Amino acid sequence: MSTHLETQTFAAEQEWLSLWRSGPTRLRWDAAPLQVGDKAPDFELQDATGAAHRLADFWRDAPALLLFWRHHGCSCGVTRARRLKDEFAAYRALGVKVVVIGQGQPESAADYARRHQLPCSVLCDPMRIAYRAYDLLDGKPSQIVFDAPEEFLRVDLEAGAGLQQARRGTERAVVNSPWQLPGEFVVDRSGTVQLAYRYQHCEDWPNPLVLVAALKEALWACA
């Protein structure tokens, strides 16, 4: 691991522990969330090489599937990466763009994409600005650590610190926000949301047939 990546990982671990201590805070929408028919928020984010891209670049010429990840140490993300590789040929056959958006910095994103062989671009949103704009909420412990011992459901600080220590240096190192819920969005070439899928728990993966159907609708919407 490079020194720069080690520094970023340490900072991300400190962020995780701090947010674990404070618990989830954004559990409700203050207004109607982003939904079908709304214009998709556009932001400039860095990719895994540090180059800047606008989200609109991904839906400019074809519909886009935006995949908001939890964090780079989440075991459900490992499963989503495997599922994405299995699904990717269907998306490629439609000619659409797929992009993963994660909490990490570019070096962390590059390491994650390499280890899990992600077949698409990975963008970085360490401040979770795009996450908030797409109205992705925090999850309660019952949505995030539902399969863990009760001390995790109680957000016990010692249990959280022990988990972090046990996973340090592994591909499941706990980093960034522990409470962030994922989401997946289909956006057509006009920048209009055609599907807004927000996970109800961290393993609430969407049926790929639904994603393919929504991407077809997005293609037809601008035909």
# chains A, B, ... in the order shown; residues from 1 in each chain; ligands from 1
>>> residues_around(residues="region 144-149 of chain A", least_positions_apart="5", cutoff="8 Å", atoms="only C-alpha atoms", output="JSON list (two decimals) with C-alpha atoms, in the first residue's frame")
[["chain", "number", "residue", "atom", "x", "y", "z"],
["A", 139, "GLY", "CA", -29.59, 3.74, 7.71],
["A", 179, "TRP", "CA", -24.46, 4.58, 8.09],
["A", 201, "HIS", "CA", -31.13, -2.11, 4.01],
["A", 202, "CYS", "CA", -27.52, -2.60, 3.00]]
>>> select_by_dssp(residues="region 5-222 of chain A", states="alpha helix (DSSP H)", output="ChimeraX atom specification")
/A:5-22,56-59,75-94,106-116,129-133,141-144,150-153,157-167,208-221
>>> residues_around(residues="Cys76 (chain A)", least_positions_apart="3", cutoff="9 Å", atoms="only C-alpha atoms", output="ChimeraX atom specification")
/A:70,73,79-81,202-203,205
>>> closest_residue(among="A:Lys216, A:Glu158, A:Tyr134, A:Ala110", to="Thr49 (chain A)", atoms="only C-alpha atoms")
A:Ala110
>>> closest_residue(among="A:Val36, A:Ala51, A:Ala56, A:Val175", to="Gln103 (chain A)", atoms="only C-alpha atoms")
A:Val175
>>> residues_around(residues="Gly95 (chain A)", least_positions_apart="4", cutoff="9 Å", atoms="only C-alpha atoms", output="list in words")
Ala62, Pro63 and Tyr91 of chain A
>>> write_last_selection(atoms="N, CA and C atoms", output="mmCIF file, in the first residue's frame")
data_model
loop_
_atom_site.group_PDB
_atom_site.id
_atom_site.type_symbol
_atom_site.label_atom_id
_atom_site.label_comp_id
_atom_site.auth_asym_id
_atom_site.auth_seq_id
_atom_site.Cartn_x
_atom_site.Cartn_y
_atom_site.Cartn_z
ATOM 1 N N ALA A 62 -26.057 8.765 -24.008
ATOM 2 C CA ALA A 62 -26.822 7.534 -23.792
ATOM 3 C C ALA A 62 -27.313 7.545 -22.353
ATOM 4 N N PRO A 63 -28.354 6.784 -22.044
ATOM 5 C CA PRO A 63 -28.781 6.699 -20.647
ATOM 6 C C PRO A 63 -27.646 6.213 -19.745
ATOM 7 N N TYR A 91 -26.038 -4.524 -19.740
ATOM 8 C CA TYR A 91 -26.003 -3.068 -19.831
ATOM 9 C C TYR A 91 -25.207 -2.621 -21.053
#
>>> closest_residue(among="A:Ser75, A:Val187, A:Pro33, A:Ala52", to="Arg167 (chain A)", atoms="only C-alpha atoms")
A:Ser75
>>> closest_residue(among="A:Leu65, A:Leu123, A:Leu17, A:Ala48", to="Pro178 (chain A)", atoms="only C-alpha atoms")
A:Leu17
>>> closest_residue(among="A:Gly169, A:Gly160, A:Gly77, A:Pro106", to="Leu181 (chain A)", atoms="only C-alpha atoms")
A:Gly77
>>> residues_around(residues="Arg28 (chain A)", least_positions_apart="4", cutoff="12 Å", atoms="only C-alpha atoms", output="PyMOL selection string")
chain A and resi 24+32-33+132+135-140
>>> write_last_selection(atoms="N, CA and C atoms", output="PDB file, in the first residue's frame")
ATOM      1  N   PRO A  24     -26.378   7.318  13.290  1.00  0.00           N
ATOM      2  CA  PRO A  24     -26.984   7.879  12.082  1.00  0.00           C
ATOM      3  C   PRO A  24     -27.765   9.147  12.409  1.00  0.00           C
ATOM      4  N   ALA A  32     -40.003  16.204  -0.409  1.00  0.00           N
ATOM      5  CA  ALA A  32     -40.101  15.058  -1.307  1.00  0.00           C
ATOM      6  C   ALA A  32     -38.731  14.772  -1.910  1.00  0.00           C
ATOM      7  N   PRO A  33     -38.278  13.509  -1.877  1.00  0.00           N
ATOM      8  CA  PRO A  33     -36.957  13.188  -2.419  1.00  0.00           C
ATOM      9  C   PRO A  33     -36.963  13.204  -3.942  1.00  0.00           C
ATOM     10  N   ARG A 132     -26.200  13.222  -0.902  1.00  0.00           N
ATOM     11  CA  ARG A 132     -27.282  14.026  -0.320  1.00  0.00           C
ATOM     12  C   ARG A 132     -28.187  14.586  -1.403  1.00  0.00           C
ATOM     13  N   ASP A 135     -30.662  12.325  -2.405  1.00  0.00           N
ATOM     14  CA  ASP A 135     -31.534  12.019  -1.266  1.00  0.00           C
ATOM     15  C   ASP A 135     -31.363  10.598  -0.757  1.00  0.00           C
ATOM     16  N   LEU A 136     -30.106  10.192  -0.615  1.00  0.00           N
ATOM     17  CA  LEU A 136     -29.788   8.906  -0.008  1.00  0.00           C
ATOM     18  C   LEU A 136     -29.565   9.116   1.489  1.00  0.00           C
ATOM     19  N   LEU A 137     -30.353   8.448   2.290  1.00  0.00           N
ATOM     20  CA  LEU A 137     -30.360   8.661   3.729  1.00  0.00           C
ATOM     21  C   LEU A 137     -29.332   7.787   4.445  1.00  0.00           C
ATOM     22  N   ASP A 138     -29.140   8.095   5.725  1.00  0.00           N
ATOM     23  CA  ASP A 138     -28.441   7.167   6.616  1.00  0.00           C
ATOM     24  C   ASP A 138     -29.382   6.006   6.930  1.00  0.00           C
ATOM     25  N   GLY A 139     -28.808   4.869   7.234  1.00  0.00           N
ATOM     26  CA  GLY A 139     -29.589   3.742   7.709  1.00  0.00           C
ATOM     27  C   GLY A 139     -29.486   3.621   9.217  1.00  0.00           C
ATOM     28  N   LYS A 140     -30.557   3.153   9.856  1.00  0.00           N
ATOM     29  CA  LYS A 140     -30.503   2.825  11.270  1.00  0.00           C
ATOM     30  C   LYS A 140     -29.668   1.548  11.444  1.00  0.00           C
TER      31      LYS A 140
END
>>> closest_residue(among="A:Leu118, A:Leu163, A:Ala130, A:Leu19", to="Arg83 (chain A)", atoms="only C-alpha atoms")
A:Leu118
>>> residues_around(residues="His53 (chain A)", least_positions_apart="4", cutoff="10 Å", atoms="only C-alpha atoms", output="VMD selection string")
chain A and resid 43 to 47 57 to 58 123
>>> residues_around(residues="Glu13 (chain A)", least_positions_apart="5", cutoff="8 Å", atoms="only C-alpha atoms", output="count of residues only")
5
>>> select_by_dssp(residues="region 62-143 of chain A", states="strand (DSSP E)", output="NGL selection string")
:A and (64-68 or 97-102 or 121-124)
>>> write_last_selection(atoms="all heavy atoms", output="mmCIF file, in the first residue's frame")
data_model
loop_
_atom_site.group_PDB
_atom_site.id
_atom_site.type_symbol
_atom_site.label_atom_id
_atom_site.label_comp_id
_atom_site.auth_asym_id
_atom_site.auth_seq_id
_atom_site.Cartn_x
_atom_site.Cartn_y
_atom_site.Cartn_z
ATOM 1 N N ALA A 64 -27.748 6.553 -18.483
ATOM 2 C CA ALA A 64 -26.720 6.182 -17.517
ATOM 3 C C ALA A 64 -27.348 5.472 -16.328
ATOM 4 O O ALA A 64 -28.478 5.779 -15.925
ATOM 5 C CB ALA A 64 -25.960 7.416 -17.042
ATOM 6 N N LEU A 65 -26.591 4.538 -15.790
ATOM 7 C CA LEU A 65 -26.947 3.875 -14.537
ATOM 8 C C LEU A 65 -25.933 4.328 -13.490
ATOM 9 O O LEU A 65 -24.740 4.038 -13.609
ATOM 10 C CB LEU A 65 -26.914 2.355 -14.702
ATOM 11 C CG LEU A 65 -27.133 1.514 -13.446
ATOM 12 C CD1 LEU A 65 -28.476 1.817 -12.791
ATOM 13 C CD2 LEU A 65 -27.009 0.020 -13.772
ATOM 14 N N LEU A 66 -26.398 5.066 -12.495
ATOM 15 C CA LEU A 66 -25.543 5.564 -11.425
ATOM 16 C C LEU A 66 -25.689 4.655 -10.219
ATOM 17 O O LEU A 66 -26.798 4.476 -9.686
ATOM 18 C CB LEU A 66 -25.938 6.986 -11.021
ATOM 19 C CG LEU A 66 -26.136 8.023 -12.135
ATOM 20 C CD1 LEU A 66 -26.461 9.381 -11.522
ATOM 21 C CD2 LEU A 66 -24.905 8.119 -13.021
ATOM 22 N N LEU A 67 -24.575 4.084 -9.777
ATOM 23 C CA LEU A 67 -24.578 3.156 -8.644
ATOM 24 C C LEU A 67 -23.875 3.809 -7.463
ATOM 25 O O LEU A 67 -22.643 3.947 -7.464
ATOM 26 C CB LEU A 67 -23.864 1.856 -9.015
ATOM 27 C CG LEU A 67 -24.324 1.137 -10.291
ATOM 28 C CD1 LEU A 67 -23.454 -0.084 -10.543
ATOM 29 C CD2 LEU A 67 -25.773 0.725 -10.175
ATOM 30 N N PHE A 68 -24.618 4.224 -6.465
ATOM 31 C CA PHE A 68 -24.037 4.805 -5.252
ATOM 32 C C PHE A 68 -23.723 3.682 -4.279
ATOM 33 O O PHE A 68 -24.608 2.990 -3.795
ATOM 34 C CB PHE A 68 -25.005 5.798 -4.615
ATOM 35 C CG PHE A 68 -25.109 7.116 -5.330
ATOM 36 C CD1 PHE A 68 -25.986 7.267 -6.395
ATOM 37 C CD2 PHE A 68 -24.346 8.204 -4.936
ATOM 38 C CE1 PHE A 68 -26.105 8.492 -7.060
ATOM 39 C CE2 PHE A 68 -24.442 9.423 -5.588
ATOM 40 C CZ PHE A 68 -25.333 9.565 -6.655
ATOM 41 N N LYS A 97 -24.301 3.848 -20.238
ATOM 42 C CA LYS A 97 -23.125 4.087 -19.416
ATOM 43 C C LYS A 97 -23.418 3.688 -17.973
ATOM 44 O O LYS A 97 -24.497 3.956 -17.452
ATOM 45 C CB LYS A 97 -22.731 5.565 -19.467
ATOM 46 C CG LYS A 97 -22.440 6.114 -20.857
ATOM 47 C CD LYS A 97 -21.140 5.580 -21.395
ATOM 48 C CE LYS A 97 -20.813 6.190 -22.758
ATOM 49 N NZ LYS A 97 -20.580 7.641 -22.704
ATOM 50 N N VAL A 98 -22.445 3.052 -17.340
ATOM 51 C CA VAL A 98 -22.559 2.655 -15.942
ATOM 52 C C VAL A 98 -21.421 3.318 -15.177
ATOM 53 O O VAL A 98 -20.267 3.308 -15.630
ATOM 54 C CB VAL A 98 -22.478 1.120 -15.779
ATOM 55 C CG1 VAL A 98 -22.617 0.734 -14.307
ATOM 56 C CG2 VAL A 98 -23.548 0.434 -16.619
ATOM 57 N N VAL A 99 -21.739 3.884 -14.019
ATOM 58 C CA VAL A 99 -20.701 4.516 -13.210
ATOM 59 C C VAL A 99 -20.985 4.255 -11.739
ATOM 60 O O VAL A 99 -22.133 4.313 -11.291
ATOM 61 C CB VAL A 99 -20.598 6.038 -13.484
ATOM 62 C CG1 VAL A 99 -21.918 6.746 -13.194
ATOM 63 C CG2 VAL A 99 -19.461 6.663 -12.687
ATOM 64 N N VAL A 100 -19.944 3.907 -10.998
ATOM 65 C CA VAL A 100 -20.022 3.721 -9.551
ATOM 66 C C VAL A 100 -19.587 5.010 -8.878
ATOM 67 O O VAL A 100 -18.594 5.630 -9.277
ATOM 68 C CB VAL A 100 -19.112 2.559 -9.098
ATOM 69 C CG1 VAL A 100 -18.921 2.554 -7.582
ATOM 70 C CG2 VAL A 100 -19.685 1.228 -9.558
ATOM 71 N N ILE A 101 -20.319 5.413 -7.856
ATOM 72 C CA ILE A 101 -19.963 6.589 -7.058
ATOM 73 C C ILE A 101 -19.738 6.121 -5.626
ATOM 74 O O ILE A 101 -20.607 5.492 -5.024
ATOM 75 C CB ILE A 101 -21.075 7.654 -7.107
ATOM 76 C CG1 ILE A 101 -21.319 8.094 -8.546
ATOM 77 C CG2 ILE A 101 -20.706 8.859 -6.234
ATOM 78 C CD1 ILE A 101 -22.609 8.845 -8.755
ATOM 79 N N GLY A 102 -18.538 6.386 -5.110
ATOM 80 C CA GLY A 102 -18.196 5.935 -3.771
ATOM 81 C C GLY A 102 -17.723 7.078 -2.895
ATOM 82 O O GLY A 102 -17.489 8.193 -3.364
ATOM 83 N N SER A 121 -16.356 2.960 -14.764
ATOM 84 C CA SER A 121 -15.706 4.080 -14.076
ATOM 85 C C SER A 121 -16.152 4.153 -12.620
ATOM 86 O O SER A 121 -17.282 3.787 -12.281
ATOM 87 C CB SER A 121 -16.046 5.400 -14.767
ATOM 88 O OG SER A 121 -15.567 5.422 -16.091
ATOM 89 N N VAL A 122 -15.243 4.629 -11.772
ATOM 90 C CA VAL A 122 -15.548 4.847 -10.357
ATOM 91 C C VAL A 122 -15.256 6.299 -10.033
ATOM 92 O O VAL A 122 -14.140 6.779 -10.252
ATOM 93 C CB VAL A 122 -14.709 3.919 -9.453
ATOM 94 C CG1 VAL A 122 -15.048 4.176 -7.980
ATOM 95 C CG2 VAL A 122 -14.944 2.457 -9.804
ATOM 96 N N LEU A 123 -16.263 7.004 -9.537
ATOM 97 C CA LEU A 123 -16.107 8.405 -9.147
ATOM 98 C C LEU A 123 -16.062 8.521 -7.628
ATOM 99 O O LEU A 123 -16.502 7.624 -6.905
ATOM 100 C CB LEU A 123 -17.256 9.244 -9.695
ATOM 101 C CG LEU A 123 -17.415 9.272 -11.216
ATOM 102 C CD1 LEU A 123 -18.537 10.231 -11.608
ATOM 103 C CD2 LEU A 123 -16.113 9.666 -11.903
ATOM 104 N N CYS A 124 -15.524 9.642 -7.154
ATOM 105 C CA CYS A 124 -15.252 9.824 -5.737
ATOM 106 C C CYS A 124 -16.069 10.990 -5.177
ATOM 107 O O CYS A 124 -16.009 12.104 -5.701
ATOM 108 C CB CYS A 124 -13.768 10.116 -5.513
ATOM 109 S SG CYS A 124 -12.677 8.868 -6.237
#
>>> atom_distance(atom1="CA of Gly162 (chain A)", atom2="CA of Ser2 (chain A)")
24.9 Å
